[in-house]
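**Q** Take a look at the following structure, please.
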Amino acid sequence: MMFEIFGISSQALFGQLLLGLINGSFYALLSLGLAVIFGMLNIINFSHGAQYMMGAFAAYLLLQYLGISYWWSLLIAPIAVGFTGIVIERLFLRWLYKLDHLYGLLLTFGIALIIQGVFRNYYGSSGLPYRVPDQLQGGQNLGFMFLPNYRGWVIAVSLVVCFATWFIIERTRLGSYLRAATENPALVRAFGINVPRMITLTYGLGVALAALAGVMAAPIYNVSPLMGADLIIVVFAVVVIGGMGSIMGAILTGFGLGVVEGLTKVFFSQASDTVIFVIMAIVLLIRPAGLFGRST
Amino acid sequence: MERVAEPIATSERAPASWSELVAFAVMTLAFVVAPAFVYPVFLMKALCFALFACAFNLLIGYVGLLSFGHALFFGWASYVSAYAAKVWGLDPALAILSGSAVAAGLGLVAGAVAIRRQGIYFAMITLALAQMMYFFAVQAPFTGGEDGIQAVPRGRLLGIFDLSHQMTMYFFVLAVFLACFLLIYRVIHSPFGEVLKAIRENEPRAISLGYKTDRYKLVAFVLSAALAGVAGGTKSIVFQLASLTDVHWGMSGEVVLMTLVGGLGTVFGPVVGAITIIAMENYLAQTGQWVTVIQGVVFVVVVLLFRRGIIGELANALKIPL
């Protein structure tokens, strides 16, 4: 079953839409992590892209040296990388909470340079391939398009993870502590809740989310030390467009922009690298607080 | 809350204090005699980056705006100047001016978008806009893609001075640097500069006093972009090359690092910071990727341990403005 829209075959259109949804999954997961971290720590985590890369590398190294499969990596890599995040928070970030937010940006930028530099030193800049796990090889013919199983899996998992995070933060008791601590840490501490530990764990969780995205990205994009460096800048634009006030906003903006980017690739491919930045500029001119942001 | 570029605790002073005059004399003298001891190409590189850092510092140090996209102005000016000198055969001074003019135009557009938000968002927006223009540079035919614009002629300045002569080139770069440095100094000590500092300290109060702060911020942004453009244009004439490195986010990060190391919001800090970082990179060039790692370590150490930077600490210890 084939048809054409504006002279573009349905295969090409749906193919790019799918690719857009995949990119959107990563935008959503990463901007979600950024929003969660920013909410608690008031720090924009510039090393988020590097930590996403670490997740992908963790999966690659686990398979390469220990023969540990994709499925275990999906669990181990986020925990391991999340743990490095906890160490970073305890060693460095906690000294910055009373300072101007910009110092957090500068410090995490430095950390990103260190991480990416170390990996580049050992693994060069070219990509390392990571095989799609056997259980997810092949694909489904949906009639109007071919859906590789792995890509469907990525979209499904990221939707589940995004909504689970949203549910935990917006609908559970733990989440209400978190939101309360974001509003007024001193008061929440007075109620006997260990806010510093919550901050540490939040950073670990945000980093783990980035690493999880990295593991899922490994079979799609190659594993390379700079895979997160350019991505994080796009995610920053996504965050500016969505506004960091709302978890759901981050998720919707992430997926939405991925789709817009995919469509741009079909209709005006030269602009596909820049379309998100253009949208950011337009949103800033019309609605400076972002689509889901509260005006400051 | 401790702010970025906190003011140094000294008594309010006459426009030019003796310490700044002495420091300026020392700096100028050092740059005049330096070519006798140091490789001039290294010095010219340091001067270009010192100017770039001073232009950047005008925003972060005096308006409190952290631009993470200054490579946009540096890099695009570098392309335009290189193109003007090579393809149109313009005089080097005119080539640099045209680069700077384009940077100012880009600054007007980018600034108008970016000043809609403050703080961290401002940094992310400038970074994103710079990345957008990086992709344009990759695709646009005139930038030469991966190769960049190579073999840019240095030409004859005003038709008289042959810039292919190393020392002539050096003193031209020094003159450009000193002129822009003095311009920045004049701006930050003018009534306009005082308003900028008021915005840095407390924007709502500045607004309540009747200042249209957005306009002030935009003018400062354009000025900073134009001066970063002068730095980029001069660099492309000196090295006869404009390339993607100059527009990449790594370059934006580097100028942040230089200014931070020297001291945010100090007059001489960016110069010292630029020389320090360029010297470090030169010295470490053989170690390959470790340069990035060491840059990262410097970021972390400076942010955690001495946020005032080299000159900031010095000024604070001596209780004088520098």
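Every chain in the structure tokens has a letter given in the order shown (A, B, ...), and although residue numbers restart at 1 in each chain, ligands are simply numbered from 1 in the order shown.
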Return the neighbours of chain A among the residues of chain B, cut-off 9 Å, counting only C-alpha atoms, as a compact mmCIF listing (two decimals) with N, CA and C atoms, in the first residue's frame.

**A**
# COMPACT_ATOMS: atom_id res chain seq x y z
N MET B 1 23.10 35.91 47.99
CA MET B 1 23.66 35.02 46.96
C MET B 1 24.90 35.66 46.33
N GLU B 2 25.96 34.90 46.25
CA GLU B 2 27.15 35.43 45.62
C GLU B 2 26.93 35.49 44.12
N ARG B 3 27.18 36.63 43.54
CA ARG B 3 26.89 36.79 42.12
C ARG B 3 28.12 36.53 41.29
N VAL B 4 27.88 36.23 40.02
CA VAL B 4 28.98 36.18 39.09
C VAL B 4 29.55 37.58 38.99
N LEU B 66 25.73 35.87 30.81
CA LEU B 66 26.69 34.87 30.35
C LEU B 66 26.28 34.41 28.95
N ALA B 110 20.60 38.16 17.35
CA ALA B 110 20.73 37.18 18.44
C ALA B 110 20.42 37.83 19.78
N ALA B 112 18.48 40.43 20.38
CA ALA B 112 17.05 40.73 20.53
C ALA B 112 16.29 39.49 20.98
N VAL B 113 16.73 38.31 20.51
CA VAL B 113 16.06 37.07 20.92
C VAL B 113 16.48 36.69 22.34
N ALA B 114 17.81 36.76 22.59
CA ALA B 114 18.33 36.21 23.85
C ALA B 114 17.95 37.03 25.07
N ARG B 116 15.34 38.19 25.88
CA ARG B 116 13.99 37.93 26.37
C ARG B 116 14.03 37.10 27.65
N ARG B 117 15.13 36.40 27.90
CA ARG B 117 15.26 35.63 29.14
C ARG B 117 16.54 36.00 29.86
N GLY B 119 19.64 35.02 33.01
CA GLY B 119 20.38 33.98 33.73
C GLY B 119 20.74 32.79 32.88
N ILE B 120 20.41 31.63 33.42
CA ILE B 120 20.76 30.37 32.80
C ILE B 120 20.14 30.22 31.41
N TYR B 121 18.89 30.70 31.27
CA TYR B 121 18.23 30.60 29.98
C TYR B 121 18.98 31.41 28.93
N ALA B 123 22.10 31.94 28.75
CA ALA B 123 23.27 31.15 28.32
C ALA B 123 22.85 30.05 27.34
N MET B 124 21.76 29.35 27.65
CA MET B 124 21.33 28.26 26.77
C MET B 124 20.87 28.78 25.41
N ILE B 125 20.20 29.95 25.42
CA ILE B 125 19.69 30.50 24.17
C ILE B 125 20.84 30.94 23.26
N LEU B 127 23.82 29.82 23.30
CA LEU B 127 24.49 28.60 22.82
C LEU B 127 23.73 27.99 21.65
N ALA B 128 22.39 27.93 21.78
CA ALA B 128 21.58 27.32 20.72
C ALA B 128 21.65 28.15 19.44
N LEU B 129 21.59 29.47 19.57
CA LEU B 129 21.65 30.32 18.36
C LEU B 129 23.01 30.17 17.67
N GLN B 131 24.87 27.55 17.75
CA GLN B 131 24.91 26.22 17.12
C GLN B 131 24.16 26.26 15.79
N MET B 132 23.07 27.02 15.75
CA MET B 132 22.32 27.15 14.50
C MET B 132 23.20 27.77 13.42
N MET B 133 23.91 28.83 13.79
CA MET B 133 24.76 29.49 12.80
C MET B 133 25.99 28.63 12.47
N PHE B 135 25.72 25.40 12.02
CA PHE B 135 25.21 24.54 10.94
C PHE B 135 25.11 25.30 9.62
N PHE B 136 24.75 26.60 9.70
CA PHE B 136 24.76 27.40 8.46
C PHE B 136 26.17 27.45 7.88
N GLN B 139 26.97 24.39 6.00
CA GLN B 139 26.27 24.21 4.72
C GLN B 139 26.56 25.30 3.69
N TRP B 249 31.07 25.42 19.21
CA TRP B 249 30.79 25.76 20.61
C TRP B 249 32.04 25.66 21.46
N GLY B 253 33.20 28.08 24.57
CA GLY B 253 33.63 27.61 25.88
C GLY B 253 35.00 28.15 26.24
N VAL B 256 34.93 31.68 27.49
CA VAL B 256 34.40 31.70 28.86
C VAL B 256 35.53 31.34 29.82
N LEU B 257 36.27 30.29 29.47
CA LEU B 257 37.35 29.82 30.32
C LEU B 257 38.42 30.90 30.53
N GLY B 288 47.62 16.09 22.59
CA GLY B 288 46.37 15.71 21.94
C GLY B 288 45.15 16.01 22.78
N GLN B 289 44.32 14.98 22.99
CA GLN B 289 43.03 15.17 23.65
C GLN B 289 43.15 15.67 25.08
N TRP B 290 44.30 15.49 25.69
CA TRP B 290 44.41 15.89 27.09
C TRP B 290 44.20 17.38 27.26
N VAL B 291 44.38 18.16 26.18
CA VAL B 291 44.15 19.60 26.28
C VAL B 291 42.72 19.86 26.76
N THR B 292 41.74 19.17 26.16
CA THR B 292 40.34 19.35 26.56
C THR B 292 40.16 18.95 28.02
N VAL B 293 40.77 17.84 28.39
CA VAL B 293 40.62 17.36 29.76
C VAL B 293 41.15 18.41 30.73
N ILE B 294 42.34 18.96 30.40
CA ILE B 294 42.94 19.94 31.31
C ILE B 294 42.10 21.22 31.35
N GLN B 295 41.55 21.62 30.19
CA GLN B 295 40.64 22.77 30.19
C GLN B 295 39.48 22.51 31.15
N GLY B 296 38.93 21.30 31.08
CA GLY B 296 37.82 20.94 31.97
C GLY B 296 38.23 21.03 33.42
N VAL B 297 39.43 20.50 33.73
CA VAL B 297 39.92 20.54 35.10
C VAL B 297 40.07 21.99 35.57
N VAL B 298 40.60 22.84 34.68
CA VAL B 298 40.76 24.26 35.05
C VAL B 298 39.40 24.88 35.37
N PHE B 299 38.41 24.59 34.54
CA PHE B 299 37.04 25.07 34.80
C PHE B 299 36.61 24.69 36.22
N VAL B 300 36.74 23.39 36.52
CA VAL B 300 36.25 22.89 37.81
C VAL B 300 37.00 23.56 38.95
N VAL B 301 38.33 23.62 38.83
CA VAL B 301 39.14 24.19 39.91
C VAL B 301 38.81 25.67 40.12
N VAL B 302 38.71 26.41 39.01
CA VAL B 302 38.46 27.85 39.15
C VAL B 302 37.08 28.09 39.76
N VAL B 303 36.06 27.35 39.28
CA VAL B 303 34.71 27.58 39.80
C VAL B 303 34.65 27.22 41.29
N LEU B 304 35.35 26.14 41.69
CA LEU B 304 35.24 25.72 43.08
C LEU B 304 36.14 26.53 44.00
N ARG B 307 36.96 31.77 42.34
CA ARG B 307 36.01 32.33 41.39
C ARG B 307 36.37 33.75 40.96

**Q** So that I can see what lies close to segment 186-195 of chain A, please list as JSON, numbers by chain the residues with an atom at most 12 Å from it, counting only C-alpha atoms and leaving out residues fewer than 5 positions away in the same chain.

**A** {"A": [40, 41, 174, 176, 177, 178, 179, 180, 181, 200, 201, 202]}

**Q** Any chance you could export the current selection's N, CA and C atoms as an mmCIF file, in the first residue's frame?

**A**
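Output contents, as saved in selection.cif:
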data_model
loop_
_atom_site.group_PDB
_atom_site.id
_atom_site.type_symbol
_atom_site.label_atom_id
_atom_site.label_comp_id
_atom_site.auth_asym_id
_atom_site.auth_seq_id
_atom_site.Cartn_x
_atom_site.Cartn_y
_atom_site.Cartn_z
ATOM 1 N N MET A 40 15.381 20.560 41.434
ATOM 2 C CA MET A 40 15.920 20.342 42.770
ATOM 3 C C MET A 40 17.200 21.131 43.034
ATOM 4 N N LEU A 41 18.116 21.134 42.063
ATOM 5 C CA LEU A 41 19.455 21.665 42.320
ATOM 6 C C LEU A 41 19.644 23.088 41.817
ATOM 7 N N LEU A 174 6.444 10.506 47.593
ATOM 8 C CA LEU A 174 7.846 10.867 47.384
ATOM 9 C C LEU A 174 7.949 12.096 46.484
ATOM 10 N N SER A 176 5.729 14.357 46.072
ATOM 11 C CA SER A 176 5.251 15.581 46.724
ATOM 12 C C SER A 176 6.332 16.151 47.635
ATOM 13 N N TYR A 177 7.136 15.269 48.277
ATOM 14 C CA TYR A 177 8.287 15.761 49.043
ATOM 15 C C TYR A 177 9.234 16.530 48.121
ATOM 16 N N LEU A 178 9.488 15.915 46.970
ATOM 17 C CA LEU A 178 10.405 16.526 46.014
ATOM 18 C C LEU A 178 9.919 17.911 45.611
ATOM 19 N N ARG A 179 8.635 17.974 45.250
ATOM 20 C CA ARG A 179 8.105 19.259 44.791
ATOM 21 C C ARG A 179 8.116 20.275 45.925
ATOM 22 N N ALA A 180 7.828 19.799 47.133
ATOM 23 C CA ALA A 180 7.844 20.709 48.272
ATOM 24 C C ALA A 180 9.265 21.226 48.519
ATOM 25 N N ALA A 181 10.238 20.324 48.410
ATOM 26 C CA ALA A 181 11.629 20.724 48.644
ATOM 27 C C ALA A 181 12.102 21.700 47.582
ATOM 28 N N THR A 200 20.921 14.827 46.414
ATOM 29 C CA THR A 200 21.926 13.918 45.865
ATOM 30 C C THR A 200 21.267 12.838 45.011
ATOM 31 N N LEU A 201 20.217 12.231 45.561
ATOM 32 C CA LEU A 201 19.562 11.149 44.830
ATOM 33 C C LEU A 201 18.887 11.665 43.564
ATOM 34 N N THR A 202 18.336 12.876 43.634
ATOM 35 C CA THR A 202 17.706 13.446 42.438
ATOM 36 C C THR A 202 18.727 13.595 41.323
#

**Q** Can you tell me which residues surround segment 178-187 of chain B at a distance of at most 8 Å, considering only C-alpha atoms, apart from same-chain residues fewer than 3 positions away, and format the answer as a VMD selection string?

**A** chain B and resid 28 51 54 to 55 58 174 to 175 190 192 to 193 227 267

**Q** Output N, CA and C atoms for every residue in that selection, as a short mmCIF file (atom, residue, chain, number, x, y, z; two decimals), in the first residue's frame.

**A**
data_model
loop_
_atom_site.label_atom_id
_atom_site.label_comp_id
_atom_site.auth_asym_id
_atom_site.auth_seq_id
_atom_site.Cartn_x
_atom_site.Cartn_y
_atom_site.Cartn_z
N THR B 28 51.00 47.67 28.18
CA THR B 28 51.40 48.19 26.87
C THR B 28 52.90 48.00 26.66
N LEU B 51 41.49 40.20 23.10
CA LEU B 51 40.43 41.12 22.68
C LEU B 51 39.07 40.42 22.71
N CYS B 54 38.01 40.19 26.24
CA CYS B 54 37.58 41.50 26.77
C CYS B 54 36.17 41.81 26.28
N ALA B 55 35.89 41.52 25.02
CA ALA B 55 34.55 41.76 24.46
C ALA B 55 33.52 40.92 25.19
N LEU B 58 32.76 42.20 28.69
CA LEU B 58 31.88 43.36 28.72
C LEU B 58 30.46 42.93 29.10
N LEU B 174 48.56 44.81 17.62
CA LEU B 174 48.66 45.48 18.92
C LEU B 174 47.85 46.78 18.94
N ALA B 175 47.96 47.55 17.85
CA ALA B 175 47.21 48.81 17.78
C ALA B 175 45.71 48.55 17.83
N SER B 190 31.69 54.95 31.57
CA SER B 190 30.80 56.03 31.14
C SER B 190 29.48 55.92 31.90
N PHE B 192 26.73 55.30 30.65
CA PHE B 192 26.11 54.10 30.07
C PHE B 192 26.59 52.85 30.82
N GLY B 193 27.91 52.79 31.05
CA GLY B 193 28.48 51.65 31.77
C GLY B 193 27.94 51.54 33.19
N LEU B 227 32.89 43.83 18.86
CA LEU B 227 34.28 43.75 19.27
C LEU B 227 34.81 42.32 19.15
N VAL B 267 39.13 44.57 34.61
CA VAL B 267 39.51 45.19 33.34
C VAL B 267 40.64 44.40 32.65
#

**Q** May I have all residues of segment 20-133 of chain B that DSSP, computed from the backbone, assigns to alpha helix (DSSP H), given as a PyMOL selection string?

**A** chain B and resi 20-33+40-62+71-86+92-114+119-133

**Q** From the set A:Met227, A:Leu147, A:Ile68, A:Ala59, which residue has the shortest atom-to-atom contact distance to Leu19 of chain A, counting only C-alpha atoms?

**A**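 Nearest candidate to Leu19 of chain A out of A:Met227, A:Leu147, A:Ile68, A:Ala59: A:Leu147.
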
**Q** Could you go through segment 47-288 of chain A and tell me which residues DSSP, when run on the backbone, assigns to strand (DSSP E or B), listing them as a list in words?

**A**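 DSSP on the backbone gives strand (DSSP E or B) at Leu99, Leu128, Gly139, Gln140, Asn141, Phe146, Leu147, Pro148 and Val223 of chain A.
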
**Q** Considering only C-alpha atoms, can you say which of B:Val41, B:Leu209, B:Leu241, B:Ala226 comes closest to Asp147 of chain B?

**A**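 Among the listed residues, the smallest separation from Asp147 of chain B belongs to B:Leu241.
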
**Q** As a ChimeraX atom specification, please: the residues near Gly258 of chain A (cut-off 12 Å, only C-alpha atoms, same-chain neighbours under 5 positions excluded).

**A** /A:16-29,155,234-235,238,251-253,263-265,272-273,275-276

**Q** Residues as selected, N, CA and C atoms, written as an mmCIF file, in the first residue's frame, can you do that?

**A**
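Below is the file that was written, out39.cif:
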data_model
loop_
_atom_site.group_PDB
_atom_site.id
_atom_site.type_symbol
_atom_site.label_atom_id
_atom_site.label_comp_id
_atom_site.auth_asym_id
_atom_site.auth_seq_id
_atom_site.Cartn_x
_atom_site.Cartn_y
_atom_site.Cartn_z
ATOM 1 N N GLN A 16 10.509 9.078 7.956
ATOM 2 C CA GLN A 16 11.071 10.233 8.658
ATOM 3 C C GLN A 16 10.290 10.550 9.927
ATOM 4 N N LEU A 17 8.978 10.322 9.873
ATOM 5 C CA LEU A 17 8.177 10.536 11.077
ATOM 6 C C LEU A 17 8.657 9.620 12.194
ATOM 7 N N LEU A 18 8.949 8.374 11.827
ATOM 8 C CA LEU A 18 9.433 7.401 12.799
ATOM 9 C C LEU A 18 10.767 7.867 13.371
ATOM 10 N N LEU A 19 11.657 8.293 12.450
ATOM 11 C CA LEU A 19 12.960 8.793 12.891
ATOM 12 C C LEU A 19 12.784 9.989 13.818
ATOM 13 N N GLY A 20 11.786 10.827 13.468
ATOM 14 C CA GLY A 20 11.494 11.987 14.302
ATOM 15 C C GLY A 20 11.036 11.566 15.691
ATOM 16 N N LEU A 21 10.200 10.522 15.734
ATOM 17 C CA LEU A 21 9.724 10.040 17.031
ATOM 18 C C LEU A 21 10.877 9.474 17.853
ATOM 19 N N ILE A 22 11.812 8.792 17.149
ATOM 20 C CA ILE A 22 12.978 8.240 17.850
ATOM 21 C C ILE A 22 13.798 9.381 18.450
ATOM 22 N N ASN A 23 14.139 10.370 17.600
ATOM 23 C CA ASN A 23 14.888 11.519 18.126
ATOM 24 C C ASN A 23 14.110 12.172 19.245
ATOM 25 N N GLY A 24 12.793 12.286 19.045
ATOM 26 C CA GLY A 24 11.941 12.895 20.062
ATOM 27 C C GLY A 24 12.000 12.134 21.380
ATOM 28 N N SER A 25 12.098 10.791 21.302
ATOM 29 C CA SER A 25 12.219 10.005 22.529
ATOM 30 C C SER A 25 13.442 10.428 23.313
ATOM 31 N N PHE A 26 14.549 10.618 22.591
ATOM 32 C CA PHE A 26 15.787 11.002 23.290
ATOM 33 C C PHE A 26 15.695 12.440 23.807
ATOM 34 N N TYR A 27 15.105 13.329 22.995
ATOM 35 C CA TYR A 27 14.929 14.698 23.483
ATOM 36 C C TYR A 27 14.098 14.694 24.761
ATOM 37 N N ALA A 28 13.019 13.894 24.740
ATOM 38 C CA ALA A 28 12.115 13.883 25.895
ATOM 39 C C ALA A 28 12.838 13.344 27.128
ATOM 40 N N LEU A 29 13.536 12.208 26.967
ATOM 41 C CA LEU A 29 14.225 11.613 28.117
ATOM 42 C C LEU A 29 15.276 12.566 28.683
ATOM 43 N N ILE A 155 10.797 3.709 21.285
ATOM 44 C CA ILE A 155 9.710 4.671 21.493
ATOM 45 C C ILE A 155 8.838 4.234 22.671
ATOM 46 N N VAL A 234 20.899 20.817 21.353
ATOM 47 C CA VAL A 234 19.517 20.734 20.860
ATOM 48 C C VAL A 234 18.559 20.575 22.042
ATOM 49 N N VAL A 235 18.959 19.749 23.000
ATOM 50 C CA VAL A 235 18.088 19.531 24.164
ATOM 51 C C VAL A 235 17.925 20.832 24.962
ATOM 52 N N VAL A 238 15.293 22.606 23.288
ATOM 53 C CA VAL A 238 14.008 21.981 23.618
ATOM 54 C C VAL A 238 13.519 22.478 24.969
ATOM 55 N N ILE A 251 8.179 16.488 28.370
ATOM 56 C CA ILE A 251 7.934 15.260 27.594
ATOM 57 C C ILE A 251 7.271 15.604 26.256
ATOM 58 N N LEU A 252 6.186 16.382 26.343
ATOM 59 C CA LEU A 252 5.453 16.710 25.117
ATOM 60 C C LEU A 252 6.325 17.493 24.138
ATOM 61 N N THR A 253 7.077 18.473 24.663
ATOM 62 C CA THR A 253 7.915 19.274 23.773
ATOM 63 C C THR A 253 8.960 18.391 23.108
ATOM 64 N N LEU A 263 9.681 15.817 10.042
ATOM 65 C CA LEU A 263 8.906 16.343 8.914
ATOM 66 C C LEU A 263 9.752 17.325 8.095
ATOM 67 N N THR A 264 10.553 18.131 8.787
ATOM 68 C CA THR A 264 11.401 19.079 8.078
ATOM 69 C C THR A 264 12.364 18.338 7.157
ATOM 70 N N LYS A 265 12.832 17.187 7.638
ATOM 71 C CA LYS A 265 13.760 16.396 6.825
ATOM 72 C C LYS A 265 13.097 15.974 5.517
ATOM 73 N N SER A 272 16.829 20.830 8.386
ATOM 74 C CA SER A 272 16.488 19.904 9.467
ATOM 75 C C SER A 272 17.411 20.058 10.672
ATOM 76 N N ASP A 273 18.676 20.466 10.445
ATOM 77 C CA ASP A 273 19.587 20.656 11.572
ATOM 78 C C ASP A 273 19.231 21.882 12.394
ATOM 79 N N VAL A 275 16.032 23.581 12.409
ATOM 80 C CA VAL A 275 14.627 23.949 12.610
ATOM 81 C C VAL A 275 14.285 24.158 14.087
ATOM 82 N N ILE A 276 14.866 23.327 14.965
ATOM 83 C CA ILE A 276 14.532 23.453 16.389
ATOM 84 C C ILE A 276 15.009 24.792 16.937
#

**Q** Go through A:Val157, A:Phe57, A:Met145, A:Tyr203 one by one, measure the shortest atom-to-atom distance of each to Phe14 of chain A using only C-alpha atoms, and give the residue with the smallest value.

**A**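 Between A:Val157, A:Phe57, A:Met145, A:Tyr203, the residue approaching Phe14 of chain A most closely is A:Met145.
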
**Q** One number please: atom CA of Lys212 of chain B to atom CA of Leu196 of chain B, in Å, one decimal.

**A** 10.9 Å

**Q** Taking 5 positions as the minimum chain separation for residues in the same chain, which residues sit within 7 Å of Ile247 of chain A when counting only C-alpha atoms? Answer as a VMD selection string.

**A** chain A and resid 32 35 166

**Q** Export, as a PDB file, in the first residue's frame, the selected residues with C-alpha atoms.

**A**
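What landed in again-v6.pdb:
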ATOM      1  CA  LEU A  32      13.088  15.387  31.436  1.00  0.00           C
ATOM      2  CA  ALA A  35      14.141  19.505  34.239  1.00  0.00           C
ATOM      3  CA  TRP A 166       5.895  12.083  35.624  1.00  0.00           C
TER       4      TRP A 166
END

**Q** Quick one: residues within 10 Å of segment 210-215 of chain A, only C-alpha atoms, excluding same-chain residues fewer than 6 positions away - as a ChimeraX atom specification?

**A** /A:25-34,47-60,70-71,73-82,130,154,157-158,161,204,221,223,227-228

**Q** To one decimal place, how far is atom CA of Gly107 of chain B from atom CA of Tyr211 of chain B in Å?

**A** 21.4 Å

**Q** Just want the 9 Å neighbourhood of Ser126 of chain A, counted on only C-alpha atoms, with same-chain residues fewer than 3 positions away dropped. Output as a ChimeraX atom specification.

**A** /A:123,222-226
